>>> print(open('work-v9.pdb').read())   # PDB, C-alpha atoms
ATOM      1  CA  MET A 229       0.000   0.000   0.000  1.00  0.00           C
ATOM      2  CA  LYS A 230       2.709   2.463   1.007  1.00  0.00           C
ATOM      3  CA  ARG A 231       4.536   1.916  -2.273  1.00  0.00           C
ATOM      4  CA  ARG A 232       1.403   2.653  -4.304  1.00  0.00           C
ATOM      5  CA  ILE A 233       0.661   5.777  -2.277  1.00  0.00           C
ATOM      6  CA  ILE A 234       4.190   7.065  -2.907  1.00  0.00           C
ATOM      7  CA  ILE A 235       3.776   6.466  -6.656  1.00  0.00           C
ATOM      8  CA  VAL A 236       0.498   8.419  -6.682  1.00  0.00           C
ATOM      9  CA  ILE A 237       2.045  11.322  -4.745  1.00  0.00           C
ATOM     10  CA  VAL A 238       5.052  11.482  -7.099  1.00  0.00           C
ATOM     11  CA  LEU A 239       2.788  11.408 -10.159  1.00  0.00           C
ATOM     12  CA  SER A 240       0.570  14.172  -8.794  1.00  0.00           C
ATOM     13  CA  LEU A 241       3.542  16.360  -7.906  1.00  0.00           C
ATOM     14  CA  PHE A 242       4.855  15.886 -11.446  1.00  0.00           C
ATOM     15  CA  LEU A 243       1.527  17.004 -12.903  1.00  0.00           C
ATOM     16  CA  CYS A 244       1.512  19.990 -10.579  1.00  0.00           C
ATOM     17  CA  SER A 245       5.025  21.066 -11.616  1.00  0.00           C
ATOM     18  CA  LEU A 246       4.138  20.572 -15.274  1.00  0.00           C
ATOM     19  CA  GLY A 247       1.173  22.920 -14.878  1.00  0.00           C
ATOM     20  CA  GLU A 248       3.394  25.586 -13.363  1.00  0.00           C
ATOM     21  CA  ILE A 249       5.868  25.270 -16.245  1.00  0.00           C
ATOM     22  CA  GLN A 250       3.093  25.905 -18.755  1.00  0.00           C
ATOM     23  CA  GLY A 251       2.377  29.197 -17.007  1.00  0.00           C
ATOM     24  CA  SER A 252      -1.045  30.503 -16.054  1.00  0.00           C
ATOM     25  CA  GLN A 253      -2.654  33.018 -13.759  1.00  0.00           C
ATOM     26  CA  TYR A 254      -4.466  30.048 -12.199  1.00  0.00           C
ATOM     27  CA  ARG A 255      -2.155  27.915 -10.094  1.00  0.00           C
ATOM     28  CA  PRO A 256      -2.837  24.153  -9.903  1.00  0.00           C
ATOM     29  CA  GLU A 257      -3.757  22.719  -6.541  1.00  0.00           C
ATOM     30  CA  ILE A 258      -3.279  19.339  -4.939  1.00  0.00           C
ATOM     31  CA  SER A 259      -5.247  18.027  -1.960  1.00  0.00           C
ATOM     32  CA  GLY A 260      -5.593  14.762  -0.099  1.00  0.00           C
ATOM     33  CA  ASN A 261      -6.675  12.992   3.056  1.00  0.00           C
ATOM     34  CA  TYR A 262      -5.892   9.815   5.021  1.00  0.00           C
ATOM     35  CA  GLU A 263      -8.372   8.213   7.395  1.00  0.00           C
ATOM     36  CA  HIS A 264      -8.199   5.140   9.637  1.00  0.00           C
ATOM     37  CA  GLY A 265     -11.156   3.919  11.652  1.00  0.00           C
ATOM     38  CA  GLU A 266     -13.473   1.111  12.662  1.00  0.00           C
ATOM     39  CA  ARG A 267     -17.168   0.385  12.436  1.00  0.00           C
ATOM     40  CA  SER A 268     -19.219  -2.065  14.514  1.00  0.00           C
ATOM     41  CA  TYR A 269     -22.509  -3.775  13.676  1.00  0.00           C
ATOM     42  CA  ILE A 270     -24.571  -4.181  16.850  1.00  0.00           C
ATOM     43  CA  ASP A 271     -27.810  -6.118  17.253  1.00  0.00           C
ATOM     44  CA  VAL A 272     -30.302  -4.997  19.923  1.00  0.00           C
ATOM     45  CA  PHE A 273     -32.659  -7.603  21.401  1.00  0.00           C
ATOM     46  CA  LEU A 274     -35.319  -7.519  24.105  1.00  0.00           C
ATOM     47  CA  ILE A 275     -35.024  -9.667  27.237  1.00  0.00           C
ATOM     48  CA  GLU A 276     -38.248 -11.588  27.825  1.00  0.00           C
ATOM     49  CA  GLU A 277     -39.377 -13.065  31.120  1.00  0.00           C
ATOM     50  CA  ASP A 278     -38.765 -16.796  31.220  1.00  0.00           C
ATOM     51  CA  GLU A 279     -38.961 -19.074  34.281  1.00  0.00           C
ATOM     52  CA  GLU A 280     -36.110 -21.248  33.026  1.00  0.00           C
ATOM     53  CA  SER A 281     -33.781 -18.299  32.483  1.00  0.00           C
ATOM     54  CA  GLY A 282     -34.712 -16.349  35.608  1.00  0.00           C
ATOM     55  CA  ASP A 283     -31.629 -17.413  37.556  1.00  0.00           C
ATOM     56  CA  GLU A 284     -29.401 -16.532  34.612  1.00  0.00           C
ATOM     57  CA  LEU A 285     -30.883 -13.023  34.404  1.00  0.00           C
ATOM     58  CA  ASP A 286     -30.208 -12.505  38.094  1.00  0.00           C
ATOM     59  CA  GLU A 287     -26.583 -13.390  37.557  1.00  0.00           C
ATOM     60  CA  ILE A 288     -26.050 -10.784  34.845  1.00  0.00           C
ATOM     61  CA  GLY A 289     -28.170  -8.178  36.633  1.00  0.00           C
ATOM     62  CA  GLU A 290     -30.750  -7.669  33.859  1.00  0.00           C
ATOM     63  CA  GLU A 291     -34.504  -7.374  34.198  1.00  0.00           C
ATOM     64  CA  PRO A 292     -37.163  -8.735  31.810  1.00  0.00           C
ATOM     65  CA  GLY A 293     -38.150  -6.127  29.245  1.00  0.00           C
ATOM     66  CA  GLU A 294     -34.707  -4.498  29.147  1.00  0.00           C
ATOM     67  CA  GLU A 295     -32.683  -4.272  25.939  1.00  0.00           C
ATOM     68  CA  LEU A 296     -29.292  -5.901  25.435  1.00  0.00           C
ATOM     69  CA  GLU A 297     -26.758  -5.154  22.710  1.00  0.00           C
ATOM     70  CA  GLU A 298     -24.724  -7.851  20.990  1.00  0.00           C
ATOM     71  CA  LEU A 299     -21.710  -7.168  18.790  1.00  0.00           C
ATOM     72  CA  ILE A 300     -22.331  -8.884  15.435  1.00  0.00           C
ATOM     73  CA  ASP A 301     -19.233  -7.851  13.523  1.00  0.00           C
ATOM     74  CA  LYS A 302     -16.620  -5.143  13.228  1.00  0.00           C
ATOM     75  CA  TYR A 303     -14.372  -3.942  10.451  1.00  0.00           C
ATOM     76  CA  TYR A 304     -11.316  -1.715  10.338  1.00  0.00           C
ATOM     77  CA  TYR A 305     -10.646   0.497   7.358  1.00  0.00           C
ATOM     78  CA  ASP A 306      -7.974   2.648   5.776  1.00  0.00           C
ATOM     79  CA  ARG A 307      -8.923   5.292   3.220  1.00  0.00           C
ATOM     80  CA  PHE A 308      -6.589   7.589   1.341  1.00  0.00           C
ATOM     81  CA  TRP A 309      -7.373   9.964  -1.521  1.00  0.00           C
ATOM     82  CA  LEU A 310      -5.418  12.477  -3.545  1.00  0.00           C
ATOM     83  CA  ARG A 311      -6.738  15.081  -6.004  1.00  0.00           C
ATOM     84  CA  TYR A 312      -5.058  17.278  -8.580  1.00  0.00           C
ATOM     85  CA  ARG A 313      -7.148  20.236  -9.857  1.00  0.00           C
ATOM     86  CA  ARG A 314      -6.317  22.812 -12.493  1.00  0.00           C
ATOM     87  CA  GLN A 315      -8.363  25.936 -13.280  1.00  0.00           C
ATOM     88  CA  LEU A 316      -7.853  26.793 -16.949  1.00  0.00           C
ATOM     89  CA  ASN A 317      -9.761  30.072 -17.047  1.00  0.00           C
ATOM     90  CA  ARG A 318     -12.709  31.725 -15.323  1.00  0.00           C
ATOM     91  CA  SER A 319     -15.148  28.897 -16.150  1.00  0.00           C
ATOM     92  CA  ASP A 320     -13.083  25.919 -17.380  1.00  0.00           C
ATOM     93  CA  TYR A 321     -11.264  23.420 -15.187  1.00  0.00           C
ATOM     94  CA  TYR A 322     -10.366  19.758 -14.800  1.00  0.00           C
ATOM     95  CA  TYR A 323      -9.411  17.453 -11.955  1.00  0.00           C
ATOM     96  CA  ILE A 324      -8.107  13.937 -11.376  1.00  0.00           C
ATOM     97  CA  LYS A 325      -8.810  12.157  -8.107  1.00  0.00           C
ATOM     98  CA  ILE A 326      -7.608   8.737  -6.956  1.00  0.00           C
ATOM     99  CA  GLN A 327      -8.685   6.823  -3.842  1.00  0.00           C
ATOM    100  CA  TYR A 328      -7.536   3.712  -1.987  1.00  0.00           C
ATOM    101  CA  TYR A 329     -10.051   2.133   0.416  1.00  0.00           C
ATOM    102  CA  LYS A 330      -9.479  -1.089   2.377  1.00  0.00           C
ATOM    103  CA  LYS A 331     -11.905  -2.892   4.723  1.00  0.00           C
ATOM    104  CA  GLU A 332     -11.029  -5.802   6.990  1.00  0.00           C
ATOM    105  CA  TYR A 333     -13.866  -7.596   8.815  1.00  0.00           C
ATOM    106  CA  GLN A 334     -13.340  -9.612  11.979  1.00  0.00           C
ATOM    107  CA  GLU A 335     -16.063 -12.211  11.335  1.00  0.00           C
ATOM    108  CA  ALA A 336     -17.492 -11.983   7.809  1.00  0.00           C
ATOM    109  CA  LEU A 337     -14.204 -12.443   5.969  1.00  0.00           C
ATOM    110  CA  ASN A 338     -16.013 -12.738   2.630  1.00  0.00           C
ATOM    111  CA  TYR A 339     -16.665  -8.988   2.826  1.00  0.00           C
ATOM    112  CA  ASN A 340     -12.983  -8.064   3.084  1.00  0.00           C
ATOM    113  CA  ASN A 341     -12.104  -5.877   0.110  1.00  0.00           C
ATOM    114  CA  ILE A 342      -9.737  -3.324  -1.396  1.00  0.00           C
ATOM    115  CA  THR A 343     -11.153  -0.656  -3.693  1.00  0.00           C
ATOM    116  CA  TRP A 344      -9.284   1.591  -6.098  1.00  0.00           C
ATOM    117  CA  ASP A 345     -11.193   4.546  -7.575  1.00  0.00           C
ATOM    118  CA  LEU A 346     -10.177   7.033 -10.241  1.00  0.00           C
ATOM    119  CA  TRP A 347     -12.442  10.026 -10.913  1.00  0.00           C
ATOM    120  CA  THR A 348     -11.946  12.581 -13.680  1.00  0.00           C
ATOM    121  CA  ASN A 349     -13.881  15.736 -14.566  1.00  0.00           C
ATOM    122  CA  TYR A 350     -13.404  18.178 -17.427  1.00  0.00           C
ATOM    123  CA  THR A 351     -15.738  21.196 -17.365  1.00  0.00           C
ATOM    124  CA  PHE A 352     -15.703  23.817 -20.122  1.00  0.00           C
ATOM    125  CA  ARG A 353     -17.973  26.316 -21.839  1.00  0.00           C
ATOM    126  CA  LEU A 354     -18.993  26.177 -25.490  1.00  0.00           C
ATOM    127  CA  THR A 355     -20.665  29.570 -25.316  1.00  0.00           C
ATOM    128  CA  GLU A 356     -21.765  31.938 -22.571  1.00  0.00           C
ATOM    129  CA  GLN A 357     -25.027  29.956 -22.358  1.00  0.00           C
ATOM    130  CA  LEU A 358     -23.715  26.402 -22.810  1.00  0.00           C
ATOM    131  CA  ARG A 359     -21.453  24.546 -20.382  1.00  0.00           C
ATOM    132  CA  ASN A 360     -20.218  20.949 -20.747  1.00  0.00           C
ATOM    133  CA  LYS A 361     -19.116  18.417 -18.165  1.00  0.00           C
ATOM    134  CA  ILE A 362     -17.341  15.247 -19.272  1.00  0.00           C
ATOM    135  CA  MET A 363     -16.671  12.721 -16.508  1.00  0.00           C
ATOM    136  CA  MET A 364     -15.078   9.280 -16.419  1.00  0.00           C
ATOM    137  CA  ASP A 365     -14.849   7.027 -13.361  1.00  0.00           C
ATOM    138  CA  LEU A 366     -12.888   3.794 -12.995  1.00  0.00           C
ATOM    139  CA  ARG A 367     -13.209   1.347 -10.116  1.00  0.00           C
ATOM    140  CA  LYS A 368     -11.619  -1.947  -9.189  1.00  0.00           C
ATOM    141  CA  LYS A 369     -13.073  -3.683  -6.147  1.00  0.00           C
ATOM    142  CA  ASP A 370     -11.189  -6.779  -5.040  1.00  0.00           C
ATOM    143  CA  TYR A 371     -12.888  -9.183  -2.595  1.00  0.00           C
ATOM    144  CA  TYR A 372      -9.727 -11.176  -1.988  1.00  0.00           C
ATOM    145  CA  ASP A 373     -11.499 -13.782   0.207  1.00  0.00           C
ATOM    146  CA  ASN A 374     -14.493 -14.087  -2.143  1.00  0.00           C
ATOM    147  CA  GLU A 375     -13.314 -13.677  -5.730  1.00  0.00           C
ATOM    148  CA  LYS A 376     -16.773 -14.171  -7.238  1.00  0.00           C
ATOM    149  CA  ASN A 377     -17.744 -10.698  -6.001  1.00  0.00           C
ATOM    150  CA  THR A 378     -14.626  -8.968  -7.378  1.00  0.00           C
ATOM    151  CA  TYR A 379     -15.515  -6.532 -10.159  1.00  0.00           C
ATOM    152  CA  LYS A 380     -14.249  -3.778 -12.445  1.00  0.00           C
ATOM    153  CA  GLN A 381     -16.397  -0.780 -13.297  1.00  0.00           C
ATOM    154  CA  LEU A 382     -16.262   1.930 -15.947  1.00  0.00           C
ATOM    155  CA  ARG A 383     -18.659   4.869 -15.832  1.00  0.00           C
ATOM    156  CA  LEU A 384     -18.961   7.608 -18.459  1.00  0.00           C
ATOM    157  CA  LYS A 385     -21.047  10.716 -17.734  1.00  0.00           C
ATOM    158  CA  TYR A 386     -21.914  13.784 -19.760  1.00  0.00           C
ATOM    159  CA  GLN A 387     -23.794  16.877 -18.612  1.00  0.00           C
ATOM    160  CA  LEU A 388     -24.890  19.893 -20.619  1.00  0.00           C
ATOM    161  CA  ASP A 389     -26.053  23.018 -18.761  1.00  0.00           C
ATOM    162  CA  PHE A 390     -27.994  25.614 -20.732  1.00  0.00           C
ATOM    163  CA  ASP A 391     -28.655  29.112 -19.364  1.00  0.00           C
ATOM    164  CA  ILE A 392     -31.709  30.093 -21.401  1.00  0.00           C
ATOM    165  CA  ASP A 393     -32.162  33.545 -19.898  1.00  0.00           C
ATOM    166  CA  GLU A 394     -32.026  35.268 -16.514  1.00  0.00           C
ATOM    167  CA  ARG A 395     -34.956  33.224 -15.202  1.00  0.00           C
ATOM    168  CA  ASN A 396     -34.624  29.862 -16.950  1.00  0.00           C
ATOM    169  CA  ASP A 397     -31.911  27.232 -17.079  1.00  0.00           C
ATOM    170  CA  CYS A 398     -31.939  23.518 -17.838  1.00  0.00           C
ATOM    171  CA  SER A 399     -29.580  20.528 -17.690  1.00  0.00           C
ATOM    172  CA  ILE A 400     -29.304  17.273 -19.642  1.00  0.00           C
ATOM    173  CA  PHE A 401     -27.463  14.314 -18.104  1.00  0.00           C
ATOM    174  CA  LEU A 402     -26.371  11.053 -19.780  1.00  0.00           C
ATOM    175  CA  GLN A 403     -24.630   8.098 -18.141  1.00  0.00           C
ATOM    176  CA  ARG A 404     -23.520   4.610 -19.093  1.00  0.00           C
ATOM    177  CA  GLN A 405     -21.899   2.197 -16.659  1.00  0.00           C
ATOM    178  CA  TRP A 406     -20.235  -1.140 -17.394  1.00  0.00           C
ATOM    179  CA  LYS A 407     -19.755  -3.582 -14.521  1.00  0.00           C
ATOM    180  CA  ASP A 408     -17.622  -6.648 -15.194  1.00  0.00           C
ATOM    181  CA  TYR A 409     -17.160  -9.612 -12.812  1.00  0.00           C
ATOM    182  CA  PRO A 410     -14.114 -11.589 -14.091  1.00  0.00           C
ATOM    183  CA  ASN A 411     -14.948 -14.656 -11.959  1.00  0.00           C
ATOM    184  CA  ASN A 412     -18.738 -14.521 -12.196  1.00  0.00           C
ATOM    185  CA  GLU A 413     -19.910 -13.517 -15.673  1.00  0.00           C
ATOM    186  CA  ALA A 414     -23.574 -13.941 -14.747  1.00  0.00           C
ATOM    187  CA  LYS A 415     -23.387 -10.752 -12.653  1.00  0.00           C
ATOM    188  CA  ASP A 416     -22.086  -8.542 -15.493  1.00  0.00           C
ATOM    189  CA  ASN A 417     -24.468  -5.672 -16.199  1.00  0.00           C
ATOM    190  CA  LEU A 418     -25.026  -2.354 -17.948  1.00  0.00           C
ATOM    191  CA  TYR A 419     -26.590   0.643 -16.272  1.00  0.00           C
ATOM    192  CA  ASP A 420     -27.917   3.652 -18.228  1.00  0.00           C
ATOM    193  CA  ARG A 421     -29.405   6.904 -17.028  1.00  0.00           C
ATOM    194  CA  PHE A 422     -30.924   9.856 -18.843  1.00  0.00           C
ATOM    195  CA  SER A 423     -32.293  12.892 -17.034  1.00  0.00           C
ATOM    196  CA  ILE A 424     -33.413  16.396 -17.830  1.00  0.00           C
ATOM    197  CA  SER A 425     -34.115  19.169 -15.345  1.00  0.00           C
ATOM    198  CA  TRP A 426     -35.458  22.705 -15.623  1.00  0.00           C
ATOM    199  CA  ASN A 427     -35.261  25.575 -13.142  1.00  0.00           C
ATOM    200  CA  TYR A 428     -37.437  28.673 -13.283  1.00  0.00           C
ATOM    201  CA  LYS A 429     -37.030  31.771 -11.112  1.00  0.00           C
ATOM    202  CA  VAL A 430     -40.575  32.948 -10.504  1.00  0.00           C
ATOM    203  CA  SER A 431     -39.251  35.890  -8.476  1.00  0.00           C
ATOM    204  CA  PRO A 432     -36.041  36.812  -6.642  1.00  0.00           C
ATOM    205  CA  LYS A 433     -37.359  34.837  -3.659  1.00  0.00           C
ATOM    206  CA  LEU A 434     -39.076  31.880  -5.354  1.00  0.00           C
ATOM    207  CA  LYS A 435     -37.489  29.209  -7.568  1.00  0.00           C
ATOM    208  CA  VAL A 436     -39.294  26.190  -9.066  1.00  0.00           C
ATOM    209  CA  SER A 437     -37.441  23.047 -10.203  1.00  0.00           C
ATOM    210  CA  THR A 438     -38.666  20.056 -12.228  1.00  0.00           C
ATOM    211  CA  GLY A 439     -36.927  16.851 -13.287  1.00  0.00           C
ATOM    212  CA  LEU A 440     -37.466  13.738 -15.397  1.00  0.00           C
ATOM    213  CA  VAL A 441     -35.256  10.647 -14.956  1.00  0.00           C
ATOM    214  CA  PHE A 442     -35.079   7.363 -16.914  1.00  0.00           C
ATOM    215  CA  ASP A 443     -33.014   4.398 -15.629  1.00  0.00           C
ATOM    216  CA  ARG A 444     -32.268   1.001 -17.135  1.00  0.00           C
ATOM    217  CA  ASN A 445     -30.212  -1.856 -15.683  1.00  0.00           C
ATOM    218  CA  SER A 446     -29.664  -4.857 -18.014  1.00  0.00           C
ATOM    219  CA  PHE A 447     -27.985  -8.238 -17.444  1.00  0.00           C
ATOM    220  CA  LYS A 448     -26.738 -11.011 -19.704  1.00  0.00           C
ATOM    221  CA  PRO A 449     -29.122 -13.861 -20.684  1.00  0.00           C
ATOM    222  CA  ILE A 450     -27.181 -16.291 -18.461  1.00  0.00           C
ATOM    223  CA  SER A 451     -27.913 -14.167 -15.396  1.00  0.00           C
ATOM    224  CA  GLU A 452     -30.650 -15.010 -12.905  1.00  0.00           C
ATOM    225  CA  SER A 453     -31.190 -11.289 -12.286  1.00  0.00           C
ATOM    226  CA  SER A 454     -33.974  -9.545 -14.184  1.00  0.00           C
ATOM    227  CA  ASN A 455     -33.574  -6.341 -16.174  1.00  0.00           C
ATOM    228  CA  LYS A 456     -34.921  -3.252 -14.472  1.00  0.00           C
ATOM    229  CA  GLU A 457     -36.362   0.004 -15.780  1.00  0.00           C
ATOM    230  CA  SER A 458     -37.647   3.039 -13.922  1.00  0.00           C
ATOM    231  CA  ARG A 459     -39.052   6.480 -14.658  1.00  0.00           C
ATOM    232  CA  LYS A 460     -39.714   9.305 -12.258  1.00  0.00           C
ATOM    233  CA  PHE A 461     -40.853  12.906 -12.352  1.00  0.00           C
ATOM    234  CA  SER A 462     -40.217  15.453  -9.627  1.00  0.00           C
ATOM    235  CA  ILE A 463     -41.150  19.033  -8.907  1.00  0.00           C
ATOM    236  CA  GLY A 464     -39.857  21.203  -6.093  1.00  0.00           C
ATOM    237  CA  PHE A 465     -39.436  24.781  -4.992  1.00  0.00           C
ATOM    238  CA  ASN A 466     -37.217  27.039  -2.934  1.00  0.00           C
ATOM    239  CA  TRP A 467     -38.895  29.992  -1.272  1.00  0.00           C
ATOM    240  CA  LYS A 468     -36.956  32.564   0.696  1.00  0.00           C
ATOM    241  CA  LEU A 469     -39.274  34.071   3.297  1.00  0.00           C
TER     242      LEU A 469
END
>>> encode(input="work-v9.pdb", output="structure tokens")
Amino acid sequence: MKRRIIIVIVLSLFLCSLGEIQGSQYRPEISGNYEHGERSYIDVFLIEEDEESGDELDEIGEEPGEELEELIDKYYYDRFWLRYRRQLNRSDYYYIKIQYYKKEYQEALNYNNITWDLWTNYTFRLTEQLRNKIMMDLRKKDYYDNEKNTYKQLRLKYQLDFDIDERNDCSIFLQRQWKDYPNNEAKDNLYDRFSISWNYKVSPKLKVSTGLVFDRNSFKPISESSNKESRKFSIGFNWKL
């Protein structure tokens, strides 16, 4: 792990120095974070009055009707991420972010995993009214004690924001995601999303928002999972009193 982290840091510092060599009024920035912690799963159950267990309850000092907590499982984790961001001009920018995330369970060893994520974002304007966002995410999740759940994921996203006028703006969002299980082909799937939203400023204090979303999740014929489709419409508002 330490070796990989050092490689990522060196690569990011190289990109940062390269940006400075190119020269710009916008200086590149690099940020990161390391976190270590633990999480416990606790089950709460109710003690019921039972003649056969009465003596046992006396021994542990509990009364019927009280709640007891039982530790089911616990995992420890390490998470580290690093991001390089470069502002190109007033409205255009890009960033690259990489993350390492490891979980180690004490009981359910099949859930032990190491995840590598790579996120990219390139935002730029076509005109004063049109702004593009192109995003690509890569993930590798390795369940090293349960290889059938190990998968690789590629996600491509595109967003177009259109400022119609001072009161109206809308956004179009497209996404396709490929999920590949090298040791369990039946779980391979495609996930698509299309959405469109519209915002209207009724007044300086009142804003109305609407949205339409279409989702589709499809599997291979050999899979026991069924394809799924969904559609939803939403409407909301923000009113400053």
>>> atom_distance(input="work-v9.pdb", atom1="atom CA of Asn455 of chain A", atom2="atom CA of Thr343 of chain A")
26.3 Å
>>> resolve_selection(input="work-v9.pdb", expression="the PyMOL selection byres ((chain A and resi 376) around 6)", output="PDB file with C-alpha atoms, in the frame of the given file")
ATOM      1  CA  ASN A 374     -14.493 -14.087  -2.143  1.00  0.00           C
ATOM      2  CA  GLU A 375     -13.314 -13.677  -5.730  1.00  0.00           C
ATOM      3  CA  ASN A 377     -17.744 -10.698  -6.001  1.00  0.00           C
ATOM      4  CA  THR A 378     -14.626  -8.968  -7.378  1.00  0.00           C
ATOM      5  CA  ASN A 411     -14.948 -14.656 -11.959  1.00  0.00           C
ATOM      6  CA  ASN A 412     -18.738 -14.521 -12.196  1.00  0.00           C
TER       7      ASN A 412
END
>>> residues_around(input="work-v9.pdb", residues="Ile300 of chain A", least_positions_apart="3", cutoff="7 Å", atoms="all atoms listed in the file", output="compact mmCIF listing (two decimals) with C-alpha atoms, keeping the file's coordinate frame")
# COMPACT_ATOMS: atom_id res chain seq x y z
CA TYR A 269 -22.51 -3.78 13.68
CA ILE A 270 -24.57 -4.18 16.85
CA ASP A 271 -27.81 -6.12 17.25
>>> closest_atom_pairs(input="work-v9.pdb", of="segment 318-402 of chain A", to="segment 439-450 of chain A", cutoff="12 Å", atoms="all atoms listed in the file", output="Markdown table")
| residue | atom | partner | partner_atom | distance |
| --- | --- | --- | --- | --- |
| A:Cys398 | CA | A:Gly439 | CA | 9.5 |
| A:Ser399 | CA | A:Gly439 | CA | 9.3 |
| A:Ile400 | CA | A:Leu440 | CA | 9.9 |
| A:Phe401 | CA | A:Val441 | CA | 9.2 |
| A:Leu402 | CA | A:Phe442 | CA | 9.9 |
>>> axis_aligned_box(input="work-v9.pdb", around="segment 392-401 of chain A", padding_each_side="4 Å", output="AutoDock Vina command-line options")
--center_x -31.2 --center_y 24.8 --center_z -18.3 --size_x 15.5 --size_y 29.0 --size_z 14.2
>>> residues_around(input="work-v9.pdb", residues="Leu310 of chain A", least_positions_apart="2", cutoff="6 Å", atoms="only C-alpha atoms", output="ChimeraX atom specification")
/A:259-260,325-326
>>> write_last_selection(input="work-v9.pdb", atoms="C-alpha atoms", output="CSV table (one decimal), in the frame of the given file")
chain,number,residue,atom,x,y,z
A,259,SER,CA,-5.2,18.0,-2.0
A,260,GLY,CA,-5.6,14.8,-0.1
A,325,LYS,CA,-8.8,12.2,-8.1
A,326,ILE,CA,-7.6,8.7,-7.0
>>> resolve_selection(input="work-v9.pdb", expression="the PyMOL selection byres ((chain A and resi 327) around 10)", output="count of residues only")
20
>>> atom_distance(input="work-v9.pdb", atom1="atom CA of Arg318 of chain A", atom2="atom CA of Asn427 of chain A")
23.5 Å
>>> decode(input="work-v9.pdb", residues="segment 399-410 of chain A", atoms="N, CA and C atoms", output="PDB file, in the first residue's frame")
ATOM      1  N   SER A 399     -30.733  21.422 -17.633  1.00  0.00           N
ATOM      2  CA  SER A 399     -29.580  20.528 -17.690  1.00  0.00           C
ATOM      3  C   SER A 399     -30.004  19.192 -18.285  1.00  0.00           C
ATOM      4  N   ILE A 400     -29.114  18.614 -19.086  1.00  0.00           N
ATOM      5  CA  ILE A 400     -29.304  17.273 -19.642  1.00  0.00           C
ATOM      6  C   ILE A 400     -28.151  16.410 -19.159  1.00  0.00           C
ATOM      7  N   PHE A 401     -28.477  15.203 -18.670  1.00  0.00           N
ATOM      8  CA  PHE A 401     -27.463  14.314 -18.104  1.00  0.00           C
ATOM      9  C   PHE A 401     -27.578  12.938 -18.736  1.00  0.00           C
ATOM     10  N   LEU A 402     -26.433  12.389 -19.188  1.00  0.00           N
ATOM     11  CA  LEU A 402     -26.371  11.053 -19.780  1.00  0.00           C
ATOM     12  C   LEU A 402     -25.306  10.232 -19.047  1.00  0.00           C
ATOM     13  N   GLN A 403     -25.600   8.963 -18.821  1.00  0.00           N
ATOM     14  CA  GLN A 403     -24.630   8.098 -18.141  1.00  0.00           C
ATOM     15  C   GLN A 403     -24.730   6.667 -18.644  1.00  0.00           C
ATOM     16  N   ARG A 404     -23.582   6.055 -18.827  1.00  0.00           N
ATOM     17  CA  ARG A 404     -23.520   4.610 -19.093  1.00  0.00           C
ATOM     18  C   ARG A 404     -22.459   4.007 -18.184  1.00  0.00           C
ATOM     19  N   GLN A 405     -22.814   2.869 -17.589  1.00  0.00           N
ATOM     20  CA  GLN A 405     -21.899   2.197 -16.659  1.00  0.00           C
ATOM     21  C   GLN A 405     -21.776   0.720 -17.028  1.00  0.00           C
ATOM     22  N   TRP A 406     -20.533   0.266 -17.147  1.00  0.00           N
ATOM     23  CA  TRP A 406     -20.235  -1.140 -17.394  1.00  0.00           C
ATOM     24  C   TRP A 406     -19.672  -1.759 -16.124  1.00  0.00           C
ATOM     25  N   LYS A 407     -20.238  -2.885 -15.708  1.00  0.00           N
ATOM     26  CA  LYS A 407     -19.755  -3.582 -14.521  1.00  0.00           C
ATOM     27  C   LYS A 407     -19.394  -5.012 -14.921  1.00  0.00           C
ATOM     28  N   ASP A 408     -18.135  -5.367 -14.727  1.00  0.00           N
ATOM     29  CA  ASP A 408     -17.622  -6.648 -15.194  1.00  0.00           C
ATOM     30  C   ASP A 408     -17.089  -7.454 -14.018  1.00  0.00           C
ATOM     31  N   TYR A 409     -17.610  -8.687 -13.866  1.00  0.00           N
ATOM     32  CA  TYR A 409     -17.160  -9.612 -12.812  1.00  0.00           C
ATOM     33  C   TYR A 409     -16.313 -10.698 -13.479  1.00  0.00           C
ATOM     34  N   PRO A 410     -14.985 -10.619 -13.403  1.00  0.00           N
ATOM     35  CA  PRO A 410     -14.114 -11.589 -14.091  1.00  0.00           C
ATOM     36  C   PRO A 410     -14.361 -13.032 -13.697  1.00  0.00           C
TER      37      PRO A 410
END
